[in-house]
file query_9.cif (mmCIF, C-alpha atoms)
data_protein
loop_
_atom_site.label_atom_id
_atom_site.label_comp_id
_atom_site.auth_asym_id
_atom_site.auth_seq_id
_atom_site.Cartn_x
_atom_site.Cartn_y
_atom_site.Cartn_z
CA MET A 1 142.07 250.32 129.75
CA ALA A 2 138.56 250.87 128.41
CA GLY A 3 138.19 254.31 130.08
CA PRO A 4 141.35 255.97 128.65
CA ALA A 5 140.70 254.51 125.19
CA ARG A 6 137.18 255.99 125.14
CA SER A 7 138.39 259.37 126.35
CA MET A 8 141.11 259.40 123.68
CA SER A 9 138.58 258.58 120.93
CA SER A 10 136.21 261.30 122.13
CA LEU A 11 139.13 263.74 122.21
CA ALA A 12 139.99 262.80 118.66
CA LEU A 13 136.38 263.51 117.62
CA LYS A 14 136.51 266.99 119.12
CA THR A 15 139.78 267.82 117.38
CA PRO A 16 138.90 269.81 114.25
CA TRP A 17 140.03 268.52 110.90
CA LYS A 18 142.64 270.54 109.06
CA ILE A 19 143.27 270.50 105.34
CA LYS A 20 146.96 270.12 104.52
CA LEU A 21 147.89 272.34 101.60
CA PRO A 22 151.16 273.33 99.95
CA SER A 23 152.82 276.39 101.51
CA LYS A 24 151.90 278.65 98.57
CA PHE A 25 148.14 278.12 99.27
CA LYS A 26 148.34 278.66 103.06
CA GLY A 27 146.57 281.70 104.49
CA GLY A 28 144.53 282.27 101.36
CA SER A 29 140.88 281.80 100.46
CA ILE A 30 141.47 278.19 99.39
CA GLU A 31 142.66 277.21 102.87
CA LYS A 32 139.74 279.04 104.52
CA TRP A 33 137.29 277.35 102.17
CA GLY A 34 138.85 273.92 102.85
CA ASN A 35 138.80 274.47 106.64
CA TYR A 36 135.15 275.53 106.49
CA TRP A 37 134.06 272.34 104.72
CA ALA A 38 136.29 270.25 107.01
CA SER A 39 134.49 271.70 110.05
CA VAL A 40 131.11 271.01 108.43
CA ALA A 41 132.16 267.40 107.81
CA GLN A 42 133.33 267.13 111.43
CA ASP A 43 129.96 268.40 112.69
CA TYR A 44 128.06 265.88 110.58
CA LYS A 45 130.34 263.07 111.74
CA GLU A 46 129.72 263.95 115.39
CA MET A 47 125.98 264.16 114.76
CA VAL A 48 125.90 260.69 113.16
CA GLN A 49 127.89 259.21 116.03
CA ASP A 50 125.56 260.84 118.57
CA VAL A 51 122.57 259.35 116.75
CA ILE A 52 124.16 255.88 116.83
CA VAL A 53 124.91 256.17 120.56
CA ASP A 54 121.37 257.39 121.33
CA SER A 55 119.79 254.63 119.24
CA ARG A 56 121.72 252.01 121.21
CA ARG A 57 120.52 253.53 124.48
CA GLN A 58 116.88 253.83 123.36
CA PRO A 59 116.22 251.29 120.59
CA LEU A 60 112.41 251.61 120.74
CA LYS A 61 112.54 255.37 120.25
CA ALA A 62 115.03 254.99 117.40
CA ALA A 63 112.84 252.35 115.72
CA THR A 64 109.82 254.66 116.01
CA TYR A 65 111.68 257.55 114.40
CA LEU A 66 113.03 255.33 111.63
CA SER A 67 109.54 253.99 110.93
CA ILE A 68 108.11 257.50 110.69
CA ILE A 69 110.90 258.62 108.36
CA ALA A 70 110.58 255.49 106.19
CA GLY A 71 106.80 255.89 106.04
CA TYR A 72 107.11 259.53 105.01
CA ILE A 73 109.64 258.69 102.27
CA CYS A 74 107.39 255.90 101.01
CA ALA A 75 104.38 258.26 100.99
CA VAL A 76 106.33 260.86 99.01
CA LYS A 77 107.50 258.25 96.49
CA THR A 78 103.98 256.86 95.99
CA ASN A 79 102.14 260.21 95.99
CA PRO A 80 99.59 259.83 93.14
CA ASN A 81 99.24 262.49 90.43
CA LYS A 82 96.42 263.69 88.16
CA MET A 83 97.24 261.11 85.50
CA ASP A 84 96.82 258.30 88.06
CA PHE A 85 93.40 259.66 88.97
CA GLN A 86 92.41 259.98 85.32
CA ASP A 87 93.45 256.38 84.63
CA THR A 88 91.53 255.13 87.67
CA LEU A 89 88.44 257.13 86.71
CA GLN A 90 88.52 255.80 83.15
CA LYS A 91 88.93 252.24 84.40
CA TYR A 92 85.98 252.55 86.80
CA MET A 93 83.83 254.24 84.16
CA ASN A 94 84.48 251.30 81.80
CA GLU A 95 83.58 248.79 84.51
CA SER A 96 80.43 250.74 85.37
CA ALA A 97 79.36 250.87 81.71
CA MET A 98 79.33 247.05 81.61
CA LEU A 99 76.41 246.98 84.06
CA SER A 100 72.73 247.58 83.43
CA ASP A 101 71.14 250.88 84.48
CA LYS A 102 68.95 248.96 86.92
CA ILE A 103 72.00 247.65 88.80
CA ARG A 104 74.20 250.76 88.79
CA ASN A 105 74.13 253.09 91.75
CA LYS A 106 72.78 256.36 90.33
CA GLU A 107 74.57 258.50 92.93
CA VAL A 108 77.96 256.96 92.12
CA ASP A 109 77.20 257.13 88.39
CA ALA A 110 76.37 260.85 88.71
CA HIS A 111 79.58 261.45 90.67
CA PHE A 112 81.69 259.75 87.99
CA ASN A 113 79.96 261.73 85.22
CA TYR A 114 80.51 264.95 87.17
CA MET A 115 84.24 264.24 87.47
CA VAL A 116 84.51 263.46 83.77
CA ASP A 117 82.66 266.70 82.99
CA CYS A 118 85.08 268.65 85.23
CA TYR A 119 88.02 267.09 83.41
CA ASN A 120 86.56 267.94 80.02
CA HIS A 121 86.15 271.59 81.05
CA GLY A 122 89.65 271.82 82.55
CA LEU A 123 88.44 272.51 86.11
CA VAL A 124 90.36 269.78 87.93
CA ARG A 125 93.39 270.89 89.97
CA ARG A 126 95.87 268.91 92.02
CA LEU A 127 97.42 270.26 95.22
CA SER A 128 100.44 268.21 96.25
CA LEU A 129 101.41 268.27 99.94
CA GLY A 130 104.48 266.13 99.36
CA PHE A 131 103.25 262.98 101.11
CA CYS A 132 99.65 263.23 99.82
CA SER A 133 97.59 265.04 97.17
CA LEU A 134 94.26 266.84 97.07
CA LEU A 135 92.20 266.90 93.90
CA TRP A 136 89.82 269.86 93.77
CA VAL A 137 87.50 271.67 91.36
CA ASP A 138 88.16 275.24 90.25
CA ASN A 139 85.56 277.71 88.95
CA TYR A 140 87.13 278.23 85.55
CA SER A 141 89.65 276.64 83.22
CA LYS A 142 93.19 278.05 83.18
CA VAL A 143 92.76 279.04 79.53
CA CYS A 144 89.57 280.99 80.24
CA GLY A 145 90.13 284.74 79.87
CA VAL A 146 86.90 286.19 81.29
CA PHE A 147 87.15 288.75 84.10
CA LYS A 148 85.77 286.42 86.78
CA SER A 149 88.54 283.89 86.17
CA GLN A 150 91.25 286.56 86.46
CA CYS A 151 89.95 288.56 89.46
CA GLU A 152 91.77 287.57 92.67
CA TYR A 153 88.72 288.42 94.79
CA LEU A 154 86.61 285.84 92.99
CA THR A 155 89.06 282.96 93.33
CA PRO A 156 88.19 280.01 95.63
CA GLN A 157 88.35 281.00 99.30
CA TYR A 158 90.21 279.08 102.01
CA LEU A 159 87.15 278.77 104.27
CA THR A 160 85.11 276.97 101.60
CA PHE A 161 88.01 275.10 99.99
CA HIS A 162 87.05 271.81 101.69
CA GLU A 163 83.79 271.80 99.70
CA ARG A 164 85.77 271.72 96.45
CA ILE A 165 87.90 268.67 97.30
CA MET A 166 87.01 265.75 95.03
CA ASP A 167 89.50 263.20 96.29
CA VAL A 168 92.52 262.56 98.50
CA GLY A 169 95.52 260.63 97.17
CA PHE A 170 97.78 258.81 99.60
CA PHE A 171 100.15 255.82 99.26
CA GLY A 172 99.49 255.41 95.54
CA THR A 173 95.69 255.33 95.91
CA TRP A 174 92.89 257.82 95.39
CA TRP A 175 90.75 256.93 98.38
CA GLY A 176 87.53 258.76 97.53
CA ILE A 177 86.96 257.20 94.13
CA ASP A 178 87.92 253.78 95.48
CA ALA A 179 85.30 254.11 98.23
CA LYS A 180 82.68 255.13 95.66
CA MET A 181 83.56 252.20 93.43
CA LYS A 182 82.72 249.72 96.18
CA GLU A 183 79.05 250.76 95.90
CA PHE A 184 78.77 251.29 92.14
CA ASP A 185 76.83 248.03 91.61
CA ILE A 186 74.39 248.56 94.50
CA ASN A 187 71.20 250.36 93.45
CA PRO A 188 69.03 251.21 96.50
CA GLU A 189 66.05 251.96 94.23
CA GLU A 190 66.11 248.37 92.98
CA TRP A 191 65.38 247.09 96.49
CA VAL A 192 62.54 249.62 96.89
CA GLU A 193 60.96 248.34 93.68
CA CYS A 194 61.27 244.74 94.89
CA ASP A 195 59.62 245.61 98.22
CA THR A 196 56.79 247.42 96.41
CA LYS A 197 56.14 244.47 94.11
CA GLY A 198 56.32 242.03 97.00
#
call {"tool": "encode", "arguments": {"input": "query_9.cif", "output": "structure tokens"}}
result
Amino acid sequence: MAGPARSMSSLALKTPWKIKLPSKFKGGSIEKWGNYWASVAQDYKEMVQDVIVDSRRQPLKAATYLSIIAGYICAVKTNPNKMDFQDTLQKYMNESAMLSDKIRNKEVDAHFNYMVDCYNHGLVRRLSLGFCSLLWVDNYSKVCGVFKSQCEYLTPQYLTFHERIMDVGFFGTWWGIDAKMKEFDINPEEWVECDTKG
């Protein structure tokens, strides 16, 4: 009983759908258009059913694929933009300003000031890769009209592009500035002074 029933259902899947139209529309472009979309719907239906059958046969593989797809969609949805970086930078600059010069890490402080200076001069660019973003520094502002900024031969080159990357944004976080912020209250020179005095 189970065998014939399955063969009948598979036969029904392979039977193409037909759009029933009044006799005056038969043989015309409307019928052809309807049959085309009916065949497309049939193909998608068969694909979905094949995916369901394969996922039941190999649940681990299906779970892996679903996890990758879900992770990619989540990364796309949480891809940070330039405004997110600007807000984070302003927040960290405010926190850094609350500390004494003797405590602040001068390297991190210089990096923050450099980024602010790049923003003020309109040099910061964002390259979105869909699931993540790259923040990089250009040579000139977009509103600058000098020859060097317009000449295609003087634009940033691909081979040295990695040197221009300021930060990488992924899953709603700018990872470079966050890593810098962890060391903003550690001044290595302070420990050298303590050792010298001791």
call {"tool": "resolve_selection", "arguments": {"input": "query_9.cif", "expression": "the PyMOL selection byres ((chain A and resi 183) around 12)", "output": "list in words"}}
result
Tyr92, Ser96, Ile103, Arg104, Asn105, Lys106, Glu107, Val108, Asp109, His111, Gly176, Ile177, Asp178, Ala179, Lys180, Met181, Lys182, Phe184, Asp185, Ile186, Asn187 and Pro188 of chain A
call {"tool": "residues_around", "arguments": {"input": "query_9.cif", "residues": "A:Gln86", "least_positions_apart": "6", "cutoff": "10 Å", "atoms": "all atoms listed in the file", "output": "list in words"}}
result
Tyr92, Met115, Val116 and Tyr119 of chain A
call {"tool": "atom_distance", "arguments": {"input": "query_9.cif", "atom1": "atom CA of A:Thr78", "atom2": "atom CA of A:Gly169"}}
result
9.3 Å
call {"tool": "resolve_selection", "arguments": {"input": "query_9.cif", "expression": "the PyMOL selection byres ((chain A and resi 122) around 8)", "output": "short mmCIF file (atom, residue, chain, number, x, y, z; two decimals) with C-alpha atoms, in the coordinates of the input"}}
result
data_model
loop_
_atom_site.label_atom_id
_atom_site.label_comp_id
_atom_site.auth_asym_id
_atom_site.auth_seq_id
_atom_site.Cartn_x
_atom_site.Cartn_y
_atom_site.Cartn_z
CA CYS A 118 85.08 268.65 85.23
CA TYR A 119 88.02 267.09 83.41
CA ASN A 120 86.56 267.94 80.02
CA HIS A 121 86.15 271.59 81.05
CA LEU A 123 88.44 272.51 86.11
CA VAL A 124 90.36 269.78 87.93
CA TYR A 140 87.13 278.23 85.55
CA SER A 141 89.65 276.64 83.22
CA LYS A 142 93.19 278.05 83.18
#
call {"tool": "residues_around", "arguments": {"input": "query_9.cif", "residues": "A:Phe170", "least_positions_apart": "4", "cutoff": "8 Å", "atoms": "all atoms listed in the file", "output": "ChimeraX atom specification"}}
result
/A:75,78-80,131-133,174-175
call {"tool": "write_last_selection", "arguments": {"input": "query_9.cif", "atoms": "C-alpha atoms", "output": "PDB file, in the frame of the given file"}}
result
ATOM      1  CA  ALA A  75     104.380 258.260 100.990  1.00  0.00           C
ATOM      2  CA  THR A  78     103.980 256.860  95.990  1.00  0.00           C
ATOM      3  CA  ASN A  79     102.140 260.210  95.990  1.00  0.00           C
ATOM      4  CA  PRO A  80      99.590 259.830  93.140  1.00  0.00           C
ATOM      5  CA  PHE A 131     103.250 262.980 101.110  1.00  0.00           C
ATOM      6  CA  CYS A 132      99.650 263.230  99.820  1.00  0.00           C
ATOM      7  CA  SER A 133      97.590 265.040  97.170  1.00  0.00           C
ATOM      8  CA  TRP A 174      92.890 257.820  95.390  1.00  0.00           C
ATOM      9  CA  TRP A 175      90.750 256.930  98.380  1.00  0.00           C
TER      10      TRP A 175
END
call {"tool": "closest_residue", "arguments": {"input": "query_9.cif", "among": "A:Ala63, A:Cys74, A:Ala41, A:Val137", "to": "A:Pro156", "atoms": "all atoms listed in the file"}}
result
A:Val137
call {"tool": "atom_distance", "arguments": {"input": "query_9.cif", "atom1": "atom CA of A:Asp84", "atom2": "atom CA of A:Leu159"}}
result
27.8 Å
call {"tool": "atom_distance", "arguments": {"input": "query_9.cif", "atom1": "atom CA of A:Lys82", "atom2": "atom CA of A:Leu129"}}
result
13.6 Å
call {"tool": "residues_around", "arguments": {"input": "query_9.cif", "residues": "A:Gln157", "least_positions_apart": "6", "cutoff": "12 Å", "atoms": "all atoms listed in the file", "output": "PyMOL selection string"}}
result
chain A and resi 138-139+163-164
call {"tool": "closest_residue", "arguments": {"input": "query_9.cif", "among": "A:Phe85, A:Met98, A:Ala62, A:Cys144", "to": "A:Met166", "atoms": "only C-alpha atoms"}}
result
A:Phe85
